[in-house]
Amino acid sequence: MDFLKKEIERKKRQVESSDILAPNKKYFKRGDLAAKQREDYIKRHHGEDSSSSDKQDRSCDSPTPGTSAEKDEKKLMLPRKEVVRRLRERNEPILLFGEDEYEAFQRLKKLEILTPEVNKGFRNELKAAMDQVDQEYLDEIAKSVGEDKDKMATDVKIKEDNVTATDLELWNEELDHNDEGKAQEIILYFLKHILHQWGKDLNSRESEEKRTTRGKLASATHTQTVSYMKPLFRQLKQKKLSSDILDCLIDIIGHLLVRNYIKANDCYLEMAIGNAPWPIGVTMVGIHARTGREKIFARNVAHVLNDETQRKYIQGLKRLMTHCQKYYPTDPSRSVDYDPKHV
């Protein structure tokens, strides 16, 4: 209570000493009192306010050291496309709310410093590179087909084929591991026959369907498969195919001829992936023969890892196996990914 009384008395003395209360008035406005107090305060602290205001003015006039550094860093900023790609690799948003491109670049730098090489070990870079090469080749073929104005440009190139059902039965009887020359000839004719059937099916489509994006991609896939299979056809024609791949191909074509696509797919996986303890290609583990050494011969090696040429015609072989099941359907229990539309 004493504090309140003292405060009231101080206010009264301040009002009486000021010029706010006129002689003929018994009251005054609160705004006038506030203005008078502010004026007194400015008079008491005039020196300090002027010096501080001068400092503020000088600080505003002089450029801050951070602005020049920021401008230099903006000049060294990565292109926007590269920033977007790196942020997407890290599953980060490209732009946050209220963020500009420079701030996104700064966020990327912070992420790369704090968590470098994120998710690098969880991606199959070899497969990604292979898929990119295949897709670029398909896009190039589809673009060349679309630019050609000729009516027949949408058709794929096929060669004459006079294979009949009797020939298929005869090949099934003559296909044997003991006669490698005859086996390579049968494999060559059979694979070319499936390619011919595929090209014939593509050319029988309507012209409007051929000109669509999906139609161009299908034609480009056929052209790509033909180019992928050429090294294999060359080796089969010259009868110089390696024995380990030839044995697998004989098993695959033998099962395709009897329309047992399940077993053919198993033989294909054995050839492409391999079932050896060292699928990269180790065939000799020491001087002396050891137990289980027969499991790591060349037959059990993953041929898809050997070189790019083998990888391509093994991929093309899988496409031909899929179309073979389409043109020569069989029971669902002997089919891979059975589709009743093709029965």
# chains A, B, ... in the order shown; residues from 1 in each chain; ligands from 1
call {"tool": "residues_around", "arguments": {"residues": "Leu170 in chain A", "least_positions_apart": "4", "cutoff": "10 Å", "atoms": "only C-alpha atoms", "output": "NGL selection string"}}
result
:A and (165-166 or 174-175 or 186 or 257)
call {"tool": "atom_distance", "arguments": {"atom1": "CA of Leu188 in chain A", "atom2": "CA of Leu138 in chain A"}}
result
24.7 Å
call {"tool": "select_by_dssp", "arguments": {"residues": "range 160-215 of chain A", "states": "alpha helix (DSSP H)", "output": "PyMOL selection string"}}
result
chain A and resi 165-174+180-203+207-211+213-215
call {"tool": "closest_residue", "arguments": {"among": "A:Asn91, A:Gln106, A:Gln37, A:Gln310", "to": "Phe233 in chain A", "atoms": "only C-alpha atoms"}}
result
A:Gln310
call {"tool": "closest_residue", "arguments": {"among": "A:Thr164, A:Ser204, A:Ser243, A:Asn260", "to": "His177 in chain A", "atoms": "only C-alpha atoms"}}
result
A:Ser243
call {"tool": "residues_around", "arguments": {"residues": "Arg107 in chain A", "least_positions_apart": "5", "cutoff": "12 Å", "atoms": "only C-alpha atoms", "output": "PyMOL selection string"}}
result
chain A and resi 83-84+86-87+90+92-96+99-102+112-115
call {"tool": "write_last_selection", "arguments": {"atoms": "C-alpha atoms", "output": "mmCIF file, in the first residue's frame"}}
result
data_model
loop_
_atom_site.group_PDB
_atom_site.id
_atom_site.type_symbol
_atom_site.label_atom_id
_atom_site.label_comp_id
_atom_site.auth_asym_id
_atom_site.auth_seq_id
_atom_site.Cartn_x
_atom_site.Cartn_y
_atom_site.Cartn_z
ATOM 1 C CA VAL A 83 19.851 -30.091 -57.661
ATOM 2 C CA VAL A 84 16.470 -31.681 -58.442
ATOM 3 C CA ARG A 86 20.174 -35.185 -56.253
ATOM 4 C CA LEU A 87 17.204 -34.337 -54.042
ATOM 5 C CA ARG A 90 17.582 -38.886 -51.480
ATOM 6 C CA GLU A 92 13.669 -35.332 -50.406
ATOM 7 C CA PRO A 93 11.117 -32.692 -51.525
ATOM 8 C CA ILE A 94 12.328 -30.518 -54.403
ATOM 9 C CA LEU A 95 11.003 -27.297 -52.860
ATOM 10 C CA LEU A 96 9.656 -26.717 -49.390
ATOM 11 C CA GLU A 99 11.618 -21.904 -50.229
ATOM 12 C CA ASP A 100 13.448 -20.574 -53.278
ATOM 13 C CA GLU A 101 16.002 -22.369 -55.476
ATOM 14 C CA TYR A 102 18.999 -21.019 -53.561
ATOM 15 C CA GLU A 112 25.184 -34.156 -48.470
ATOM 16 C CA ILE A 113 27.451 -33.069 -45.603
ATOM 17 C CA LEU A 114 25.418 -34.731 -42.854
ATOM 18 C CA THR A 115 24.433 -37.930 -44.721
#
call {"tool": "atom_distance", "arguments": {"atom1": "CA of Lys326 in chain A", "atom2": "CA of Gln197 in chain A"}}
result
10.2 Å
call {"tool": "closest_residue", "arguments": {"among": "A:Glu136, A:Glu89, A:Asp161, A:Glu82", "to": "His196 in chain A", "atoms": "only C-alpha atoms"}}
result
A:Asp161
call {"tool": "residues_around", "arguments": {"residues": "Ile314 in chain A", "least_positions_apart": "4", "cutoff": "10 Å", "atoms": "only C-alpha atoms", "output": "VMD selection string"}}
result
chain A and resid 228 to 229 232 268 271 to 272 303 to 304 308 to 310 318 to 320
call {"tool": "residues_around", "arguments": {"residues": "Ile262 in chain A", "least_positions_apart": "2", "cutoff": "9 Å", "atoms": "only C-alpha atoms", "output": "ChimeraX atom specification"}}
result
/A:255,259-260,264-267,333-336
call {"tool": "closest_residue", "arguments": {"among": "A:Gln315, A:Gln135, A:Asn172, A:Gln184", "to": "Asp247 in chain A", "atoms": "only C-alpha atoms"}}
result
A:Gln184
call {"tool": "atom_distance", "arguments": {"atom1": "CA of Ser219 in chain A", "atom2": "CA of Gly254 in chain A"}}
result
28.1 Å
call {"tool": "residues_around", "arguments": {"residues": "Val226 in chain A", "least_positions_apart": "5", "cutoff": "12 Å", "atoms": "only C-alpha atoms", "output": "PyMOL selection string"}}
result
chain A and resi 156-159+191-192+194-196+198-199+219-221+231-233+312-313+315-317+319-320
